[in-house]
Number of protein chains: 2
Amino acid sequence: MELNKRMKTILAAVVHRYITTAEPVSSSIIAKEYNLDLSAATIRHEMYWLEKYDYLWQPHISAGRIPTDKGYRFYVDNLMIKKYLKENEKREIIQIYKKNKELEETMKITSQLLSKLTNNLGVVLAPIIYDDLVRNIQFIPVGSNRVLTIIVTDTGLVCQKLINVSGEITKDRLSYLSNLINNKLTEKDINIINLNKILKDELDKILSFQERFNYIYNFLEDCFNFKSLKNKVYLDGRTNIMRQPEFNETIKLNYILSIIEEENILANTIRKCLGFRKTKVIIGKESKLKEIQSCSLVTSKYNIRGKPAGAIGVLGPTRMDYSRMISIVEYVSDKLSDILSEF
Amino acid sequence: MELNKRMKTILAAVVHRYITTAEPVSSSIIAKEYNLDLSAATIRHEMYWLEKYDYLWQPHISAGRIPTDKGYRFYVDNLMIKKYLKENEKREIIQIYKKNKELEETMKITSQLLSKLTNNLGVVLAPIIYDDLVRNIQFIPVGSNRVLTIIVTDTGLVCQKLINVSGEITKDRLSYLSNLINNKLTEKDINIINLNKILKDELDKILSFQERFNYIYNFLEDCFNFKSLKNKVYLDGRTNIMRQPEFNETIKLNYILSIIEEENILANTIRKCLGFRKTKVIIGKESKLKEIQSCSLVTSKYNIRGKPAGAIGVLGPTRMDYSRMISIVEYVSDKLSDILSEF
DNA sequence: TTTAGCACTCTCGAGGTGAGAGTGCTAAAT
DNA sequence: ATTTAGCACTCTCACCTCGAGAGTGCTAAA
């Protein structure tokens with residue numbers, strides 16, 4: 001069951017070859033193209049056992065071999081040589097991030113970047129921030145009984161929501177209210193997620209003699225839980241997936257793209273499987289999401305000022321250049337962390 | 001060249017049948033299923049001429065007929081019976097809009113609504129607003145030399161941008177500045193699009209003795225031109241397109257979806273072809289955009305308080321139920337107008 | 001003017017075939 | 001003991017044929 005060195009070499013060769021050509025790999029190809037100093041027959045013999053042990057499989061008896069999920073897994077864990085991005089690629093990435101963009105645009109650009117660099121689907125999960133400071137709360141009257149509330153945190157995150165108010169509210173009253181809240185709350189080191197009780201107490205004092213803000217608690221909770229941003233996913237490169245030869249049958253494609261359209265399902269799946277390590281690779285059937293079991297997912301977490309905030313990833317066919325995917329995803333997530341931390 | 005009454009009836013029948021079955025329509029089917037009191041041979045004869053005149057075509061000699069773009073056009077302009085939405089469908093739409101949502105979410109919901117109701121791709125172009133009033137400008141310091149600027153208009157539109165500032169700026173200074181600008185500008189009936197010169201003069205007075213805001217002009221121009229929103233497109237239902245039988249070949253699908261991924265190209269195409277009338281139907285090759293020449297596009301403009309603001313639309317195969325598409329698009333755009341006008 | 005009848009054309013799926021690819025196995029070579 | 005050459009074997013794939021079926025265009029009769 002333990003692979004000997006030669007088997008590992010051959011497995012690596014098969015994976016490498018299959019990744020580049022998308023064609024089943026025959027023993028003679030390995031013998032010819034990879035200088036292993038072995039005849040096709042010998043390689044064939046080893047491949048026979050690699051198949052027995054479930055690292056390879058054949059689409060049919062007279063075809064070459066294709067790595068199984070287990071084969072890819074072994075490759076990723078033990079055989080893969082880590083690649084690094086070329087200097088000009090690094091420069092390009094940095095260049096793109098150079099201009100100051102607001103959060104939304106940064107997310108969008110990141111997904112485009114991933115899709116372009118990897119030729120797969122680029123996925124970016126917006127940051128969930130646990131300990132932002134409230135920098136500013138604004139209440140702006142819109143119409144006669146609606147209030148647009150805007151909360152800005154120190155990381156530059158902007159939450160907005162339109163709130164119905166039961167009574168009439170004047171502009172002055174509102175600015176008085178926001179000043180009051182701003183003085184109480186902003187710039188204090190408050191963990192927003194656990195803030196609700198404190199906040200409510202504070203607000204009760206303020207609001208009890210103020211107009212009745214029916215929905216304000218709910219809204220503030222929403223904002224502070226960042227529900228509005230929590231589920232935001234940015235995707236780019238759906239067509240890349242379609243261009244992959246393994247998905248040239250419409251049925252398979254349909255299957256995958258249907259889950260891509262359900263962005264939130266995809267996002268939650270990614271979120272759930274984020275582990276302890278920065279970068280994670282999920283290969284084929286390792287995923288619990290059936291629709292992407294013919295795909296692999298390479299994810300990498302990013303930070304804001306050292307604290308985990310979100311994740312980016314790449315979704316493509318299991319036949320992907322894992323080494324390159326990992327370097328790209330890691331490098332981009334590092335740069336993204338830098339950018340977001342600068343805010 | 002002028003179609004007689006019987007030809008029109010037959011054309012209508014062919015279109016109706018083809019729309020529902022997606023199969024070429026034979027003369028005998030028409031004879032059997034549509035009570036025209038004519039034999040297959042007679043119908044066949046008329047269909048022969050309908051083909052000569054380019055209203056129908058045959059995929060091959062022993063197949064039934066399919067409407068051409070010209071055939072659909074004639075059908076839409078002259079033969080189609082206007083359908084109305086069922087009461088429960090109307091109710092459902094109203095229900096969905098009932099909760100107060102902010103602009104972004106309203107747009108998103110609208111595209112989902114369109115996609116769900118039509119089983120095609122739902123497209124929503126965000127409003128371009130020409131004569132909003134500036135309700136509020138806020139400058140919020142983020143980090144030591146960055147300023148988050150937020151502009152809110154009376155329609156509830158929120159523009160935000162992060163601006164680099166060359167020097168250090170204190171919070172008090174900023175709030176002084178925003179107060180100054182707010183007092184000068186908000187609530188005045190200013191056409192934002194043409195505002196730049198006036199605004200610059202005003203700002204010059206204010207800013208000349210303020211910190212140097214290097215980029216503020218550009219930013220304000222951006223905001224006032226609503227560039228940030230201008231190109232925003234909301235799409236939903238990409239998979240609907242894939243499920244259409246006419247696109248079950250990956251190549252065709254690829255072609256179409258590639259343009260769908262380039263959301264802005266699609267949006268600009270829609271924008272360009274918006275005519276004088278509320279609702280417009282673009283059938284197949286009538287579109288200048290090659291990628292969607294096997295599709296039809298039904299668009300309808302929506303208003304904000306009576307002024308044209310944006311458009312929504314449905315993209316699907318030319319074989320679509322035009323009557324239903326038009327009713328849906330018109331009804332939804334009306335409701336959207338109502339909602340956005342309420343802000 | 002309409003229709004029945006019929007020859008004609010074309011598609012589509014089933015079935016057959018042979019070349020080619022790649023295997024597993026075996027016996028010989030190293 | 002390991003490696004390799006040789007070969008029979010299996011399977012795919014592209015290509016062909018063929019006949020059924022669909023739907024037509026045309027013609028002559030109603």
# chains A, B, ... in the order shown; residues from 1 in each chain; ligands from 1
>>> interface_residues(of="chain C", to="chain B", cutoff="9 Å", atoms="only C-alpha atoms (C1' of nucleotides)", output="PyMOL selection string")
chain C and resi 2-4+9-11
>>> closest_atom_pairs(of="chain D", to="chain A", cutoff="10 Å", atoms="only C-alpha atoms (C1' of nucleotides)", output="CSV")
residue,atom,partner,partner_atom,distance
D:DT2,C1',A:Thr42,CA,9.6
D:DT3,C1',A:Thr42,CA,6.8
D:DT4,C1',A:Ala41,CA,6.7
D:DA5,C1',A:Ala41,CA,8.7
D:DC9,C1',A:Ser62,CA,9.8
D:DT10,C1',A:Ser62,CA,6.5
D:DC11,C1',A:Ser62,CA,5.5
D:DT12,C1',A:Ser62,CA,7.8
>>> residues_around(residues="Ile282 (chain B)", least_positions_apart="3", cutoff="7 Å", atoms="only C-alpha atoms (C1' of nucleotides)", output="VMD selection string")
chain B and resid 286 to 287 296 to 298
>>> residues_around(residues="DC15 (chain D)", least_positions_apart="3", cutoff="12 Å", atoms="only C-alpha atoms (C1' of nucleotides)", output="PyMOL selection string")
chain C and resi 16-19
>>> select_by_dssp(residues="region 266-333 of chain B", states="strand (DSSP E or B)", output="ChimeraX atom specification")
/B:279-283,295-304,307-317
